[in-house]
file data12.cif (mmCIF, C-alpha atoms)
data_start
loop_
_atom_site.label_atom_id
_atom_site.label_comp_id
_atom_site.auth_asym_id
_atom_site.auth_seq_id
_atom_site.Cartn_x
_atom_site.Cartn_y
_atom_site.Cartn_z
CA MET A 1 111.86 109.96 67.13
CA ASP A 2 110.72 113.58 66.90
CA MET A 3 108.69 113.77 63.67
CA GLN A 4 108.71 117.58 63.82
CA ALA A 5 112.47 117.51 63.16
CA PHE A 6 111.77 116.48 59.55
CA PHE A 7 110.10 119.85 58.89
CA LYS A 8 113.53 121.47 59.29
CA MET A 9 114.73 120.01 55.98
CA SER A 10 114.48 122.18 52.84
CA TYR A 11 113.39 121.20 49.36
CA GLY A 12 112.00 122.54 46.10
CA LEU A 13 108.78 121.40 44.43
CA TYR A 14 108.89 119.69 41.04
CA VAL A 15 106.85 117.83 38.46
CA VAL A 16 108.64 114.72 37.23
CA SER A 17 107.17 113.37 34.01
CA SER A 18 107.75 110.70 31.42
CA SER A 19 106.25 109.03 28.37
CA ASP A 20 106.69 105.68 26.65
CA GLY A 21 104.91 106.80 23.52
CA ALA A 22 101.61 105.12 24.39
CA ARG A 23 101.21 106.67 27.83
CA ARG A 24 102.33 109.93 29.44
CA SER A 25 102.15 111.01 33.04
CA GLY A 26 103.84 112.96 35.80
CA CYS A 27 103.76 113.48 39.53
CA VAL A 28 104.79 116.09 42.08
CA VAL A 29 107.94 115.42 44.10
CA ASN A 30 110.19 117.33 46.48
CA THR A 31 113.09 114.87 46.07
CA LEU A 32 114.70 116.06 42.82
CA THR A 33 118.37 116.59 43.73
CA GLN A 34 121.57 117.12 41.77
CA VAL A 35 123.93 114.38 42.95
CA THR A 36 126.98 114.92 40.69
CA ALA A 37 128.31 117.83 38.66
CA GLU A 38 130.60 116.03 36.20
CA PRO A 39 128.60 114.77 34.46
CA ALA A 40 125.48 116.53 35.74
CA GLN A 41 123.19 113.87 37.21
CA LEU A 42 119.89 114.27 39.05
CA MET A 43 118.31 111.83 41.49
CA VAL A 44 114.61 111.54 42.11
CA ALA A 45 112.65 109.24 44.44
CA ILE A 46 109.29 108.08 43.07
CA ASN A 47 106.73 105.87 44.80
CA LYS A 48 106.55 102.43 43.16
CA ASP A 49 102.75 102.67 43.03
CA ASN A 50 102.86 105.80 40.87
CA LEU A 51 102.21 105.34 37.16
CA THR A 52 105.09 107.76 36.56
CA ALA A 53 107.57 105.26 38.07
CA GLU A 54 106.25 102.52 35.78
CA ILE A 55 106.58 104.73 32.70
CA ILE A 56 110.08 105.95 33.62
CA ARG A 57 111.26 102.33 34.01
CA GLY A 58 110.00 101.50 30.54
CA ALA A 59 111.10 104.68 28.79
CA GLY A 60 114.43 105.08 30.60
CA ARG A 61 113.87 108.81 30.67
CA PHE A 62 112.32 111.54 32.81
CA THR A 63 112.01 115.30 32.78
CA GLY A 64 112.14 117.32 36.00
CA THR A 65 110.32 120.66 35.97
CA VAL A 66 110.89 123.29 38.67
CA LEU A 67 107.51 124.73 39.69
CA SER A 68 107.44 128.48 40.28
CA GLU A 69 105.91 130.19 43.33
CA ASP A 70 102.89 131.31 41.33
CA ALA A 71 101.84 127.72 40.55
CA GLY A 72 98.27 127.25 41.78
CA MET A 73 96.83 124.40 43.80
CA GLU A 74 94.95 123.27 40.69
CA LEU A 75 98.21 122.50 38.87
CA ILE A 76 99.80 120.93 41.97
CA GLY A 77 96.62 118.96 42.64
CA ARG A 78 96.49 117.69 39.06
CA PHE A 79 99.99 116.22 39.25
CA GLY A 80 100.20 115.55 42.98
CA PHE A 81 96.82 114.29 44.13
CA HIS A 82 95.48 112.34 41.15
CA SER A 83 96.59 109.12 39.52
CA GLY A 84 97.65 109.08 35.90
CA ARG A 85 95.75 105.80 35.65
CA GLU A 86 92.50 107.77 35.91
CA MET A 87 93.27 110.81 33.77
CA ASP A 88 95.69 112.22 31.22
CA LYS A 89 97.43 114.82 33.39
CA PHE A 90 98.66 116.76 30.36
CA ALA A 91 95.18 117.22 28.92
CA GLU A 92 93.97 120.84 29.14
CA ILE A 93 97.25 122.36 30.39
CA PRO A 94 100.06 124.05 28.46
CA PHE A 95 103.03 121.75 27.92
CA ALA A 96 105.99 121.17 25.60
CA GLU A 97 108.06 118.11 24.71
CA ASP A 98 111.80 117.68 24.98
CA ALA A 99 114.01 116.22 22.22
CA ALA A 100 113.04 112.70 23.31
CA GLY A 101 109.32 113.50 23.27
CA ILE A 102 108.85 113.64 27.06
CA PRO A 103 106.13 116.19 27.94
CA TYR A 104 106.63 118.76 30.69
CA PRO A 105 104.31 121.52 31.95
CA THR A 106 105.28 125.02 30.77
CA GLY A 107 102.86 127.12 32.83
CA HIS A 108 104.33 128.13 36.23
CA ALA A 109 107.64 126.43 35.42
CA ALA A 110 110.99 128.05 36.25
CA ALA A 111 113.28 125.48 34.60
CA ARG A 112 113.33 121.94 33.28
CA PHE A 113 115.88 119.15 33.02
CA SER A 114 115.67 116.22 30.60
CA CYS A 115 117.40 113.11 31.89
CA ARG A 116 118.35 109.67 30.64
CA VAL A 117 118.15 107.07 33.41
CA VAL A 118 121.57 105.54 34.06
CA LYS A 119 120.93 103.75 37.37
CA GLU A 120 118.10 102.93 39.70
CA LEU A 121 117.95 101.77 43.31
CA ASP A 122 115.10 100.08 45.12
CA VAL A 123 114.70 101.69 48.57
CA GLY A 124 111.45 100.02 49.66
CA THR A 125 108.30 102.01 48.94
CA HIS A 126 110.20 104.16 46.43
CA ILE A 127 112.67 103.81 43.57
CA LEU A 128 115.59 106.20 43.18
CA PHE A 129 116.20 107.05 39.55
CA ILE A 130 119.59 108.54 38.66
CA GLY A 131 119.44 110.46 35.40
CA GLU A 132 122.18 112.06 33.37
CA VAL A 133 121.05 115.55 32.35
CA GLU A 134 120.91 115.88 28.55
CA GLU A 135 118.99 119.17 28.34
CA ALA A 136 118.70 121.98 30.90
CA GLU A 137 116.68 125.11 30.23
CA ARG A 138 115.38 128.10 32.15
CA LEU A 139 111.70 128.74 31.47
CA LEU A 140 109.65 131.52 33.13
CA ASP A 141 111.51 134.17 35.11
CA GLU A 142 109.63 133.49 38.36
CA GLU A 143 110.88 132.51 41.81
CA PRO A 144 111.12 128.75 42.26
CA MET A 145 108.55 127.26 44.64
CA THR A 146 110.11 125.85 47.78
CA TYR A 147 108.55 123.10 49.84
CA ALA A 148 108.39 125.55 52.77
CA TYR A 149 106.46 128.06 50.64
CA TYR A 150 104.05 125.33 49.55
CA HIS A 151 103.30 124.50 53.17
CA ARG A 152 103.37 128.01 54.66
CA VAL A 153 101.78 130.14 51.97
CA LYS A 154 99.81 127.65 49.90
CA LYS A 155 98.78 125.62 52.99
CA GLY A 156 99.37 122.50 50.93
CA LEU A 157 99.65 119.02 52.44
CA THR A 158 101.83 116.07 51.46
CA PRO A 159 100.12 112.97 50.04
CA LYS A 160 100.56 109.58 51.70
CA ASN A 161 102.71 108.10 48.95
CA ALA A 162 105.29 110.92 49.11
CA SER A 163 108.84 110.46 50.36
CA SER A 164 108.27 113.01 53.10
CA TYR A 165 104.74 112.08 54.17
CA ASN A 166 104.47 113.01 57.84
CA PRO A 167 101.36 112.21 59.90
CA THR A 168 102.00 115.20 62.20
CA GLU A 169 101.86 117.63 59.27
CA LYS A 170 98.21 118.64 59.41
CA ALA A 171 98.48 120.12 62.88
CA ALA A 172 101.65 121.95 61.91
CA VAL A 173 100.29 123.80 58.89
CA ARG A 174 96.83 124.60 60.18
CA GLU A 175 96.17 128.18 61.26
CA ALA A 176 93.13 129.82 62.79
CA PRO A 177 90.82 131.11 60.03
CA LYS A 178 88.85 134.36 60.13
CA LYS A 179 85.51 132.87 59.04
CA GLU A 180 83.99 129.42 58.71
CA SER A 181 86.16 127.29 56.51
CA TRP A 182 86.71 123.66 55.65
CA ARG A 183 89.99 121.96 54.89
CA CYS A 184 90.40 118.98 52.59
CA THR A 185 92.15 116.29 54.66
CA ILE A 186 93.71 114.83 51.52
CA CYS A 187 95.35 117.79 49.80
CA GLY A 188 94.98 120.73 52.20
CA TYR A 189 92.68 122.83 49.98
CA VAL A 190 90.65 125.29 52.08
CA HIS A 191 87.05 126.11 51.16
CA GLU A 192 85.74 129.27 52.78
CA GLY A 193 82.08 129.50 53.79
CA GLU A 194 79.48 126.75 54.16
CA LEU A 195 80.25 123.36 52.63
CA PRO A 196 77.44 121.88 50.47
CA GLU A 197 76.87 118.11 50.88
CA ASP A 198 77.65 117.44 47.22
CA PHE A 199 80.86 119.48 47.28
CA THR A 200 83.93 117.98 45.62
CA CYS A 201 87.45 119.26 46.17
CA PRO A 202 88.59 121.29 43.12
CA VAL A 203 92.18 120.17 43.71
CA CYS A 204 92.04 116.45 44.45
CA GLY A 205 88.43 115.58 43.69
CA VAL A 206 87.33 113.96 46.97
CA GLY A 207 83.88 114.53 48.45
CA ALA A 208 82.66 116.73 51.32
CA GLU A 209 82.95 113.80 53.77
CA LEU A 210 86.74 114.16 53.63
CA PHE A 211 86.67 117.83 54.64
CA GLU A 212 87.08 118.89 58.24
CA LYS A 213 85.99 122.16 59.78
CA VAL A 214 88.94 124.40 60.60
CA GLU A 215 88.56 125.45 64.23
CA MET B 1 122.86 122.95 28.35
CA ASP B 2 121.95 126.10 30.28
CA MET B 3 124.00 125.90 33.50
CA GLN B 4 121.98 128.75 35.02
CA ALA B 5 118.94 126.47 35.09
CA PHE B 6 120.51 124.50 37.95
CA PHE B 7 120.28 127.56 40.23
CA LYS B 8 116.48 127.15 40.13
CA MET B 9 116.65 124.03 42.29
CA SER B 10 116.15 124.38 46.06
CA TYR B 11 118.03 122.70 48.89
CA GLY B 12 118.94 123.00 52.54
CA LEU B 13 122.47 123.09 53.96
CA TYR B 14 123.68 120.29 56.21
CA VAL B 15 126.71 118.85 57.97
CA VAL B 16 126.97 115.10 57.47
CA SER B 17 129.33 113.46 59.95
CA SER B 18 130.55 110.06 61.03
CA SER B 19 133.09 108.29 63.20
CA ASP B 20 134.66 104.83 63.21
CA GLY B 21 135.98 105.25 66.73
CA ALA B 22 139.54 106.07 65.65
CA ARG B 23 138.63 108.93 63.32
CA ARG B 24 135.78 111.43 63.17
CA SER B 25 134.92 113.90 60.43
CA GLY B 26 132.12 115.65 58.61
CA CYS B 27 131.44 117.71 55.51
CA VAL B 28 128.88 120.21 54.25
CA VAL B 29 126.30 118.98 51.75
CA ASN B 30 123.11 120.24 50.17
CA THR B 31 121.98 116.76 49.09
CA LEU B 32 120.42 115.39 52.29
CA THR B 33 116.93 114.27 51.25
CA GLN B 34 114.21 112.16 52.80
CA VAL B 35 113.46 109.43 50.25
CA THR B 36 110.91 107.27 52.10
CA ALA B 37 108.53 107.85 55.00
CA GLU B 38 107.83 104.26 56.13
CA PRO B 39 110.42 103.61 57.39
CA ALA B 40 111.97 107.09 57.41
CA GLN B 41 115.09 106.94 55.24
CA LEU B 42 117.44 109.75 54.20
CA MET B 43 119.72 109.83 51.16
CA VAL B 44 122.93 111.80 50.97
CA ALA B 45 125.48 112.13 48.15
CA ILE B 46 129.10 112.43 49.31
CA ASN B 47 132.18 112.86 47.13
CA LYS B 48 134.33 109.71 47.10
CA ASP B 49 137.43 111.80 47.82
CA ASN B 50 136.00 113.10 51.11
CA LEU B 51 137.27 111.48 54.28
CA THR B 52 133.66 111.52 55.49
CA ALA B 53 132.66 109.06 52.75
CA GLU B 54 135.49 106.71 53.76
CA ILE B 55 134.46 106.84 57.42
CA ILE B 56 130.75 106.34 56.68
CA ARG B 57 131.57 103.23 54.61
CA GLY B 58 133.53 101.77 57.50
CA ALA B 59 131.17 102.78 60.30
CA GLY B 60 127.91 102.11 58.45
CA ARG B 61 126.43 105.18 60.08
CA PHE B 62 126.06 108.93 59.55
CA THR B 63 124.38 111.84 61.25
CA GLY B 64 122.82 114.67 59.25
CA THR B 65 122.62 118.06 60.97
CA VAL B 66 120.44 120.88 59.64
CA LEU B 67 122.41 124.14 59.79
CA SER B 68 120.47 127.20 60.91
CA GLU B 69 120.47 130.58 59.14
CA ASP B 70 122.73 132.09 61.78
CA ALA B 71 125.57 129.65 61.04
CA GLY B 72 128.66 131.67 60.20
CA MET B 73 131.10 131.21 57.36
CA GLU B 74 133.68 129.98 59.88
CA LEU B 75 131.55 126.93 60.73
CA ILE B 76 130.62 126.32 57.11
CA GLY B 77 134.24 126.81 56.06
CA ARG B 78 135.48 124.38 58.72
CA PHE B 79 133.25 121.56 57.45
CA GLY B 80 132.93 122.59 53.80
CA PHE B 81 136.30 123.88 52.66
CA HIS B 82 138.84 121.86 54.65
CA SER B 83 139.77 118.19 54.55
CA GLY B 84 139.35 116.05 57.63
CA ARG B 85 142.70 114.51 56.67
CA GLU B 86 144.37 117.76 57.73
CA MET B 87 142.43 118.66 60.84
CA ASP B 88 139.98 117.34 63.42
CA LYS B 89 136.89 119.29 62.40
CA PHE B 90 135.24 118.78 65.78
CA ALA B 91 138.14 120.30 67.71
CA GLU B 92 137.26 123.68 69.23
CA ILE B 93 133.54 123.65 68.38
CA PRO B 94 130.52 122.59 70.46
CA PHE B 95 129.28 119.13 69.55
CA ALA B 96 127.38 116.17 70.97
CA GLU B 97 127.33 112.46 70.17
CA ASP B 98 124.34 110.32 69.26
CA ALA B 99 123.59 106.90 70.80
CA ALA B 100 126.09 105.28 68.45
CA GLY B 101 128.84 107.78 69.31
CA ILE B 102 128.66 109.77 66.05
CA PRO B 103 129.53 113.43 66.71
CA TYR B 104 127.42 116.27 65.30
CA PRO B 105 127.79 120.05 65.71
CA THR B 106 125.32 121.62 68.14
CA GLY B 107 126.02 125.32 67.55
CA HIS B 108 123.80 126.78 64.76
CA ALA B 109 121.99 123.47 64.30
CA ALA B 110 118.21 123.29 63.85
CA ALA B 111 117.82 119.50 63.89
CA ARG B 112 119.76 116.28 63.53
CA PHE B 113 119.09 112.79 62.22
CA SER B 114 121.10 109.69 63.12
CA CYS B 115 121.07 107.07 60.40
CA ARG B 116 122.21 103.49 59.89
CA VAL B 117 123.36 102.89 56.31
CA VAL B 118 121.18 100.28 54.63
CA LYS B 119 122.22 100.74 50.98
CA GLU B 120 124.74 102.61 48.92
CA LEU B 121 124.98 103.40 45.22
CA ASP B 122 128.04 104.42 43.23
CA VAL B 123 127.10 107.30 40.91
CA GLY B 124 130.58 108.23 39.63
CA THR B 125 132.31 111.00 41.55
CA HIS B 126 129.91 110.53 44.47
CA ILE B 127 128.38 107.74 46.55
CA LEU B 128 124.73 107.82 47.56
CA PHE B 129 124.23 106.55 51.09
CA ILE B 130 120.71 105.51 52.09
CA GLY B 131 120.27 105.58 55.86
CA GLU B 132 117.39 104.47 58.00
CA VAL B 133 116.66 107.17 60.59
CA GLU B 134 117.10 105.83 64.12
CA GLU B 135 117.06 109.15 65.99
CA ALA B 136 115.51 112.50 64.98
CA GLU B 137 115.69 115.55 67.20
CA ARG B 138 115.00 119.27 66.95
CA LEU B 139 117.87 121.36 68.31
CA LEU B 140 117.95 125.18 68.30
CA ASP B 141 114.75 127.05 67.45
CA GLU B 142 116.28 128.94 64.52
CA GLU B 143 115.27 129.07 60.85
CA PRO B 144 116.96 126.35 58.80
CA MET B 145 119.60 127.62 56.36
CA THR B 146 118.58 127.15 52.74
CA TYR B 147 121.07 126.82 49.91
CA ALA B 148 119.56 129.98 48.38
CA TYR B 149 120.17 131.91 51.62
CA TYR B 150 123.77 130.66 51.72
CA HIS B 151 124.35 132.03 48.22
CA ARG B 152 122.30 135.22 48.41
CA VAL B 153 122.89 136.44 51.94
CA LYS B 154 126.11 134.70 52.96
CA LYS B 155 127.62 135.09 49.44
CA GLY B 156 128.99 131.59 49.84
CA LEU B 157 130.38 129.55 46.96
CA THR B 158 130.19 125.81 46.26
CA PRO B 159 133.41 123.79 46.40
CA LYS B 160 134.58 121.78 43.38
CA ASN B 161 133.88 118.40 44.92
CA ALA B 162 130.23 119.21 45.66
CA SER B 163 127.30 117.58 43.90
CA SER B 164 126.11 120.95 42.64
CA TYR B 165 129.44 122.55 41.74
CA ASN B 166 128.70 124.98 38.92
CA PRO B 167 131.48 126.89 37.14
CA THR B 168 129.09 129.75 36.30
CA GLU B 169 128.33 130.35 39.98
CA LYS B 170 130.89 133.04 40.79
CA ALA B 171 129.45 135.47 38.27
CA ALA B 172 125.94 134.78 39.53
CA VAL B 173 126.54 135.52 43.19
CA ARG B 174 128.90 138.47 42.84
CA GLU B 175 127.47 141.90 43.51
CA ALA B 176 128.99 145.36 43.25
CA PRO B 177 130.64 146.31 46.56
CA LYS B 178 130.60 149.74 48.16
CA LYS B 179 134.31 149.92 48.95
CA GLU B 180 137.47 148.04 47.97
CA SER B 181 136.99 144.38 48.69
CA TRP B 182 138.50 141.03 47.81
CA ARG B 183 136.70 137.76 47.30
CA CYS B 184 138.21 134.36 48.00
CA THR B 185 137.86 132.37 44.76
CA ILE B 186 137.69 129.12 46.71
CA CYS B 187 134.99 129.69 49.31
CA GLY B 188 133.47 133.10 48.50
CA TYR B 189 134.59 134.88 51.69
CA VAL B 190 134.78 138.65 51.15
CA HIS B 191 137.52 140.71 52.82
CA GLU B 192 136.78 144.43 52.94
CA GLY B 193 139.64 146.92 52.64
CA GLU B 194 143.22 146.42 51.46
CA LEU B 195 144.50 142.85 51.25
CA PRO B 196 147.91 142.25 52.90
CA GLU B 197 150.31 139.95 50.98
CA ASP B 198 150.45 137.46 53.83
CA PHE B 199 146.67 137.33 54.23
CA THR B 200 145.06 133.93 54.64
CA CYS B 201 141.35 133.27 54.25
CA PRO B 202 139.72 132.86 57.69
CA VAL B 203 137.19 130.44 56.21
CA CYS B 204 139.15 128.08 53.94
CA GLY B 205 142.75 128.97 54.73
CA VAL B 206 144.12 129.78 51.25
CA GLY B 207 146.55 132.64 50.65
CA ALA B 208 146.09 136.13 49.20
CA GLU B 209 147.04 134.91 45.70
CA LEU B 210 143.68 133.14 45.49
CA PHE B 211 141.70 136.32 46.18
CA GLU B 212 140.35 138.48 43.38
CA LYS B 213 139.37 142.09 43.58
CA VAL B 214 135.62 142.59 43.43
CA GLU B 215 134.97 145.17 40.71
#

call {"tool": "encode", "arguments": {"input": "data12.cif", "output": "structure tokens"}}
result
Amino acid sequence: MDMQAFFKMSYGLYVVSSSDGARRSGCVVNTLTQVTAEPAQLMVAINKDNLTAEIIRGAGRFTGTVLSEDAGMELIGRFGFHSGREMDKFAEIPFAEDAAGIPYPTGHAAARFSCRVVKELDVGTHILFIGEVEEAERLLDEEPMTYAYYHRVKKGLTPKNASSYNPTEKAAVREAPKKESWRCTICGYVHEGELPEDFTCPVCGVGAELFEKVE
Amino acid sequence: MDMQAFFKMSYGLYVVSSSDGARRSGCVVNTLTQVTAEPAQLMVAINKDNLTAEIIRGAGRFTGTVLSEDAGMELIGRFGFHSGREMDKFAEIPFAEDAAGIPYPTGHAAARFSCRVVKELDVGTHILFIGEVEEAERLLDEEPMTYAYYHRVKKGLTPKNASSYNPTEKAAVREAPKKESWRCTICGYVHEGELPEDFTCPVCGVGAELFEKVE
């Protein structure tokens, strides 16, 4: 099996979020896909370990937000490389709520879709949620972020619990730097210059011991 | 519901094919998505009316082929705008077969994945097939075709039985032409110059009566 073949597939980059009233959370996915037009239904695959999956199952709802190209690694790191069990991901960022009270980020967001879960399917490590779209809205007039752009321009990596985690990815996205720099092996963030011993990654929060020098 | 919001989602463009020995067919989709990494599983949504869905259900297998940017409208039209009940889509084009004998197009193909169906889910007009990847291979070293490229550069339309059919699409992709031209309302093919009465679309095969003048 040629793992490099998987890099030929194309996706967008999304935040999928939910709330059961008591808790709210969200995570980054590349799997949000329209599966039917009449009625409009979206599918999303979420790792069973993610708090977001647990909340969606309880609430029976999710909102999918299309990230725009100008979304920074801080926003992607917040939703993609942290657990909602350790932090309120919507604290300190701009967000709105849909008619059902599900929060979604409004900074660096090109569109959002509010869905009512009508089916789910257990596929092993992940659950597929099928949601009927009840609200669809364009937000900022920015280009949508593609998964290719995230890898190529943002130099972002894919976390281990993602649908498209690929152990060969690090070698594929790494490029020769111009000066000394250090890459976070968890999220792909690149720190330029010397790395202090007490450094913590501004995107995913891990320590300097999880950085590797970019040769 | 703002239908324009759906254009903010990103996809690739794929041929999904299958064979039960007696019959072979394939169709164009934008829904092929990796849903788990361990083991690697792909999901694809196929319209129930498509012969390809019928064959996949019988064979329990499908192959997903990533189209490359240089794929022409003839290839896309062959798999996307014709029914396998009326023609053998693999006649007259280069193709290969995977270990299980499933054919896949090899011209304008960036990669292919051979999958054994492990689950399916009825979502109304479409069926979601979940396939465990048994073979993955890079093919031609060309850029993968994205759904955005298909719309923007190829000026292609989305057929009515597609997951992402959107009645507002025609207005969105149309641009002012430099000289007299006629657009096929079924597949988006543009004919430049006068349109003879007996003209048939080279991509999807419909007659001149289904062309509209591009203003």

call {"tool": "residues_near_point", "arguments": {"input": "data12.cif", "point": "(117.7, 112.0, 32.6)", "cutoff": "9 Å", "atoms": "all atoms listed in the file", "output": "list in words"}}
result
Gln41, Leu42, Met43, Gly60, Arg61, Phe62, Thr63, Gly64, Phe113, Ser114, Cys115, Arg116, Val117, Val118, Phe129, Ile130, Gly131, Glu132, Val133, Glu134 and Glu135 of chain A

call {"tool": "closest_residue", "arguments": {"input": "data12.cif", "among": "A:Met73, A:Leu67, A:Ala37, A:Leu32", "to": "Pro167 (chain B)", "atoms": "all atoms listed in the file"}}
result
A:Ala37

call {"tool": "interface_residues", "arguments": {"input": "data12.cif", "of": "chain A", "to": "chain B", "cutoff": "8 Å", "atoms": "only C-alpha atoms", "output": "VMD selection string"}}
result
chain A and resid 1 to 6 8 to 12 31 33 to 38 45 66 110 to 112 119 121 123 to 126 130 134 to 138 143 to 144 146 162 to 166

call {"tool": "residues_around", "arguments": {"input": "data12.cif", "residues": "region 193-200 of chain B", "least_positions_apart": "2", "cutoff": "10 Å", "atoms": "all atoms listed in the file", "output": "list in words"}}
result
Lys179, Glu180, Ser181, Trp182, Cys184, Val190, His191, Pro202, Val203, Cys204, Gly205, Val206, Gly207, Ala208, Glu209, Leu210, Phe211, Glu212 and Lys213 of chain B

call {"tool": "atom_distance", "arguments": {"input": "data12.cif", "atom1": "CA of Gly188 (chain B)", "atom2": "CA of His151 (chain B)"}}
result
9.2 Å

call {"tool": "atom_distance", "arguments": {"input": "data12.cif", "atom1": "CA of Glu54 (chain A)", "atom2": "CA of Ser17 (chain A)"}}
result
11.0 Å

call {"tool": "closest_residue", "arguments": {"input": "data12.cif", "among": "B:Phe95, B:Ile76, B:Phe90, B:Tyr189", "to": "Val214 (chain B)", "atoms": "only C-alpha atoms"}}
result
B:Tyr189

call {"tool": "atom_distance", "arguments": {"input": "data12.cif", "atom1": "CA of Thr185 (chain B)", "atom2": "CA of Glu69 (chain B)"}}
result
22.6 Å

call {"tool": "closest_residue", "arguments": {"input": "data12.cif", "among": "A:Arg183, A:Val16, A:Glu215, A:Cys27", "to": "Gly80 (chain A)", "atoms": "all atoms listed in the file"}}
result
A:Cys27

call {"tool": "resolve_selection", "arguments": {"input": "data12.cif", "expression": "the PyMOL selection byres ((chain A and resi 75) around 10)", "output": "VMD selection string"}}
result
chain A and resid 15 28 67 71 to 74 76 to 81 89 93 105 107 to 108 203

call {"tool": "axis_aligned_box", "arguments": {"input": "data12.cif", "around": "region 193-209 of chain B", "padding_each_side": "4 Å", "output": "JSON"}}
result
{"center_x": 143.8, "center_y": 137.5, "center_z": 51.7, "size_x": 21.3, "size_y": 26.8, "size_z": 20.0}

call {"tool": "residues_near_point", "arguments": {"input": "data12.cif", "point": "(127.3, 107.3, 69.2)", "cutoff": "10 Å", "atoms": "all atoms listed in the file", "output": "PyMOL selection string"}}
result
chain B and resi 18-21+61-63+96-104+114

call {"tool": "decode", "arguments": {"input": "data12.cif", "residues": "region 8-19 of chain A", "atoms": "N, CA and C atoms", "output": "PDB file, in the first residue's frame"}}
result
ATOM      1  N   LYS A   8      -3.069  12.517  -2.619  1.00  0.00           N
ATOM      2  CA  LYS A   8      -3.674  12.971  -3.874  1.00  0.00           C
ATOM      3  C   LYS A   8      -5.153  13.302  -3.710  1.00  0.00           C
ATOM      4  N   MET A   9      -5.724  12.995  -2.553  1.00  0.00           N
ATOM      5  CA  MET A   9      -7.136  13.311  -2.336  1.00  0.00           C
ATOM      6  C   MET A   9      -7.269  14.772  -1.888  1.00  0.00           C
ATOM      7  N   SER A  10      -8.396  15.395  -2.193  1.00  0.00           N
ATOM      8  CA  SER A  10      -8.601  16.819  -1.898  1.00  0.00           C
ATOM      9  C   SER A  10      -9.740  17.011  -0.898  1.00  0.00           C
ATOM     10  N   TYR A  11      -9.535  17.953   0.001  1.00  0.00           N
ATOM     11  CA  TYR A  11     -10.522  18.239   1.032  1.00  0.00           C
ATOM     12  C   TYR A  11     -10.521  19.731   1.367  1.00  0.00           C
ATOM     13  N   GLY A  12     -11.514  20.155   2.116  1.00  0.00           N
ATOM     14  CA  GLY A  12     -11.503  21.458   2.762  1.00  0.00           C
ATOM     15  C   GLY A  12     -11.071  21.302   4.215  1.00  0.00           C
ATOM     16  N   LEU A  13     -11.113  22.395   4.968  1.00  0.00           N
ATOM     17  CA  LEU A  13     -10.770  22.339   6.391  1.00  0.00           C
ATOM     18  C   LEU A  13     -11.898  23.042   7.162  1.00  0.00           C
ATOM     19  N   TYR A  14     -12.399  22.373   8.179  1.00  0.00           N
ATOM     20  CA  TYR A  14     -13.622  22.809   8.853  1.00  0.00           C
ATOM     21  C   TYR A  14     -13.491  22.700  10.365  1.00  0.00           C
ATOM     22  N   VAL A  15     -14.254  23.532  11.071  1.00  0.00           N
ATOM     23  CA  VAL A  15     -14.490  23.297  12.493  1.00  0.00           C
ATOM     24  C   VAL A  15     -15.895  22.723  12.620  1.00  0.00           C
ATOM     25  N   VAL A  16     -16.018  21.589  13.279  1.00  0.00           N
ATOM     26  CA  VAL A  16     -17.336  21.021  13.574  1.00  0.00           C
ATOM     27  C   VAL A  16     -17.557  21.174  15.076  1.00  0.00           C
ATOM     28  N   SER A  17     -18.683  21.789  15.437  1.00  0.00           N
ATOM     29  CA  SER A  17     -18.910  22.115  16.842  1.00  0.00           C
ATOM     30  C   SER A  17     -20.302  21.705  17.284  1.00  0.00           C
ATOM     31  N   SER A  18     -20.466  21.594  18.605  1.00  0.00           N
ATOM     32  CA  SER A  18     -21.772  21.263  19.142  1.00  0.00           C
ATOM     33  C   SER A  18     -21.860  21.725  20.589  1.00  0.00           C
ATOM     34  N   SER A  19     -23.061  21.643  21.137  1.00  0.00           N
ATOM     35  CA  SER A  19     -23.285  22.020  22.532  1.00  0.00           C
ATOM     36  C   SER A  19     -24.513  21.286  23.033  1.00  0.00           C
TER      37      SER A  19
END
